[in-house]
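Enquirer: Structure below; questions to follow.
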Amino acid sequence: MTEQITNNNLENTPNLLLISANYNNQQKAVVLKFYDPTSHKIVLWTDKTGHKPYCFSKMSPAELDFLSERSDVISIKEVMKTDPLEDKTITISKSLVSDPLAIGGTQTDKSIRNIVEAWEADIKYYENYLYDNSLIVGKYYRIENDNLTPHDFKISDETRLSLKSMLWDKLGDLNIPDHEQFMRNVSDWADLLNQPVPKLRRISLDIEVESEEKNRLPDAKTAEGRITAVGFESSDKLKQVFVLRRNDISEGTNDLAPDIKVRFYDEDNEKGMIEDVFNLIKDYALLITYNGDGFDLPYLYNRADRLGIDKNTNPLYMMRDSATLKEGVHLDLYRTLSNRAFQIYAFGQKYTDFSLNSVAKGVLNEKKIDYGVELNDLSLYQTAKYCQNDARITYNLTSFNNDLLMNLLIVISRIARMPIDDISRMGVSQWIRSLLYYEHRKNGILIPKRDELEKRSSKVANESIIKDKKFRGGLVVEPKEGVHFDVTVMDFASLYPSIIKVNNLSYETVRCKHKEHQKNLIKGSKHWVCDKRRGIISLLVGSLRDIRVNYYKRLPKMEGLSSDERNLYSVVSQALKVILNASYGVLGAPIFPLFFLPVADSTAAIGRNIITETVETAKNNNIEVLYGDTDSLFIKSIDQNEIDSLISWSQKNQGVDLELEAKYRYAVFSERKKNYIVVKNDGQVIIKGLT
């Protein structure tokens, strides 16, 4: 069963992997969830430090004195913070409270943020706890004397050597502000991302329910219909299905695979079946479902309540828009694989809609069972096979390609400093928000409010607004219509992250307050950039970009690696790619809390200039560019010397890496942008935009 740490068993815990956190309302404290790779159980640890919720205000403690009359306000005191927009240290008030709802979460005067102008009042309390204690999800810890101690597994000498040759030697002579801080960041990323990823013990679940209406999902809130089957598949080879007998349904023929165990329950023992489901769930650290937030788990929870099952024995916990476990961790893959960052960058758009059948076909080349009749008309064994197959497919989505998806979730948790279950449910903008908030808090920087950033950009004249967009995007070079043989594609590696890094772009550095820096104009825009300090977005995006392009992208190709090492390095490279490819889009999205229009505009302007200058340089060297799209150039009949020359020119003059992406036997371009066909040397056809 899941292990709960108490004051009597805190000594000599093994190295535990932090995977999640939440707030326990009864205990009025944050509870951390660790995975023990030795016992394969969840270990719970409740905060013992007395950490409390809080928010900041630029009003003085005297002006906030009226809050002191409230019973939920513990104290109001002055603290020092760095104001990134003004580039100076300021004194602000910190209001400490006993309950997170006293800060935010309600629409009433109970929440302080509704009655005073407050900073950092919209951050979940358990996130605040992680940030304040510099706790990184996906990192290993030991529990000693009620305290958490970080643990880092030693990195091999071979890895250290490859780090030096691939990374440090390339970064040692960079001429950028705060170069030492940049190097420290890269070093910290290398140490963190090279930590081993354990195989997480988990079980998938799928339920089938009686329904009186065809093609309509039963109401999970009322849970009126009986649960007819519950299928399972686990990482320790458990393949099982519980089936409820029904007098009006024939048993049918058992054609399930021999390793699938079927357990029948009498028609009047649905309660016993659900109790056994709960007992089985409790034995695993992670529960995997497909749309479990929206249906399976709420239905199980409410059906159990309807049948009179003691809530203390129910391992499920319902939240406003998701379902979780009281002790373990629940991942809903429907929400994970609906995330466009996973769909596009991790799985190459192999599926176009998010049903289990479509995703399984695209990713696994598997599909749901179709008997051609309504589920209510299936025999008991057919129901069992249908249900267990759904559970099997759901589990396989986490296990294919050496547990790729599970490993990606852990590595992204490390980067985003966010619980693995939040990573699985939230979009990439929330990942990057969490990473940036963590870095602000670690360095004592006050996180600016959205209206502060909007105010700074409200007077910016922008002549490049197109339709509903606030700024011009990337440059697309007009295609040369027709059939072209021997085509090479050159790609700018992580173009926008490179631009953000090289040009020190961040909300506090673009259009900074220093008048003497207004001469540092960004080519193609009306903005300038600070050269006094390193921008926090430039620091983070740049360090992640460098460690991927110069290290992890190359590392899996090295000889002498173990299969575990090669797999880890490939997963880390893919996780970094997912975040980096989405970073510019996030920074250019007005809904992002740190959106600053001049940063997005400057990034796009520099990108357009890089493409334009590269095309012009190619033309001056008699190299024919057939087409260009944002960060790629299609070039006709280019030899290796010309490729090397362009790569060298780009690195020297643009500060970005131009790489050979692909070679094609021929390409066919229409007169329309983003509409073409290319054929690889092996005959594979790739169609873009055309039908």
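FYI, nothing fancy with the structure tokens labels: chains A, B, ... in order, residues from 1 per chain, ligands from 1 as they appear.
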List as a VMD selection string the protein and nucleic acid residues near Glu117 of chain A, meaning an atom at most 9 Å away when only C-alpha atoms are counted, but skip any in the same chain fewer than 3 places from it.
Expert: chain A and resid 56 to 59 112 to 114
Enquirer: Next, the residues of the selection above should be written as a CSV table (one decimal), in the first residue's frame with C-alpha atoms.
Expert:
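Saved result, part-v8.csv, follows:
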chain,number,residue,atom,x,y,z
A,56,PHE,CA,3.1,41.3,-1.9
A,57,SER,CA,1.9,44.9,-2.1
A,58,LYS,CA,3.5,48.2,-2.8
A,59,MET,CA,1.5,49.8,0.0
A,112,ILE,CA,-6.9,40.0,-0.3
A,113,ARG,CA,-6.1,40.4,-4.0
A,114,ASN,CA,-9.7,41.5,-4.5
Enquirer: With distances taken over only C-alpha atoms, which of A:His330, A:Lys237, A:His40, A:Arg534 is nearest to Val502 of chain A?
Expert: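 Answer, going by the shortest atom-to-atom distance: A:Arg534.
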Enquirer: If you measure from atom CA of Leu544 of chain A to atom CA of Trp119 of chain A, what distance in Å do you get, rounded to one decimal?
Expert: 27.8 Å
Enquirer: Would you please work out which residue, of A:Glu671, A:Ile412, A:Leu297, A:Lys513, is nearest to Ser573 of chain A when using only C-alpha atoms?
Expert: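 Comparing A:Glu671, A:Ile412, A:Leu297, A:Lys513 against Ser573 of chain A, the winner is A:Ile412.
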Enquirer: Quick one: residues within 12 Å of Asp72 of chain A, only C-alpha atoms, excluding same-chain residues fewer than 5 positions away - as a CSV table (one decimal) with N, CA, C and O atoms, in the first residue's frame?
Expert:
chain,number,residue,atom,x,y,z
A,52,LYS,N,3.8,29.5,5.1
A,52,LYS,CA,2.5,30.0,4.9
A,52,LYS,C,2.2,30.7,3.6
A,52,LYS,O,3.2,31.3,3.0
A,53,PRO,N,1.0,30.8,3.2
A,53,PRO,CA,0.7,31.6,2.0
A,53,PRO,C,0.9,33.1,2.2
A,53,PRO,O,0.9,33.6,3.3
A,54,TYR,N,1.2,33.8,1.1
A,54,TYR,CA,1.4,35.3,1.2
A,54,TYR,C,1.3,35.9,-0.2
A,54,TYR,O,1.2,35.3,-1.2
A,67,LEU,N,-5.9,45.2,7.3
A,67,LEU,CA,-5.9,43.8,7.1
A,67,LEU,C,-5.6,43.0,8.4
A,67,LEU,O,-6.0,41.9,8.6
A,95,SER,N,2.2,40.2,3.0
A,95,SER,CA,1.1,39.8,3.9
A,95,SER,C,1.1,38.3,4.0
A,95,SER,O,0.9,37.6,3.0
A,96,LEU,N,1.4,37.8,5.2
A,96,LEU,CA,1.4,36.4,5.5
A,96,LEU,C,0.1,36.0,6.1
A,96,LEU,O,-0.5,36.6,7.0
A,97,VAL,N,-0.5,34.9,5.5
A,97,VAL,CA,-1.9,34.5,6.0
A,97,VAL,C,-1.9,33.0,6.3
A,97,VAL,O,-0.9,32.2,6.0
A,98,SER,N,-3.0,32.5,6.9
A,98,SER,CA,-3.1,31.1,7.3
A,98,SER,C,-3.7,30.2,6.3
A,98,SER,O,-3.6,29.0,6.4
A,99,ASP,N,-4.4,30.8,5.3
A,99,ASP,CA,-5.1,30.0,4.3
A,99,ASP,C,-4.9,30.5,2.9
A,99,ASP,O,-5.0,31.7,2.7
A,100,PRO,N,-4.6,29.7,1.9
A,100,PRO,CA,-4.4,30.2,0.6
A,100,PRO,C,-5.6,31.0,0.0
A,100,PRO,O,-5.5,31.9,-0.8
A,101,LEU,N,-6.9,30.7,0.5
A,101,LEU,CA,-8.0,31.4,0.0
A,101,LEU,C,-8.1,32.8,0.5
A,101,LEU,O,-8.8,33.7,0.0
A,102,ALA,N,-7.3,33.1,1.5
A,102,ALA,CA,-7.2,34.5,2.0
A,102,ALA,C,-6.4,35.4,1.0
A,102,ALA,O,-6.5,36.6,1.1
A,103,ILE,N,-5.6,34.7,0.1
A,103,ILE,CA,-4.9,35.5,-0.9
A,103,ILE,C,-5.7,35.6,-2.2
A,103,ILE,O,-5.9,36.6,-2.7
A,110,LYS,N,-13.0,38.0,0.8
A,110,LYS,CA,-12.2,37.0,1.6
A,110,LYS,C,-10.8,37.0,1.0
A,110,LYS,O,-9.8,36.8,1.8
A,111,SER,N,-10.7,37.2,-0.3
A,111,SER,CA,-9.4,37.2,-0.9
A,111,SER,C,-8.7,38.5,-1.0
A,111,SER,O,-9.3,39.5,-1.5
A,112,ILE,N,-7.5,38.7,-0.4
A,112,ILE,CA,-6.9,40.0,-0.3
A,112,ILE,C,-6.7,40.6,-1.7
A,112,ILE,O,-6.8,41.8,-1.9
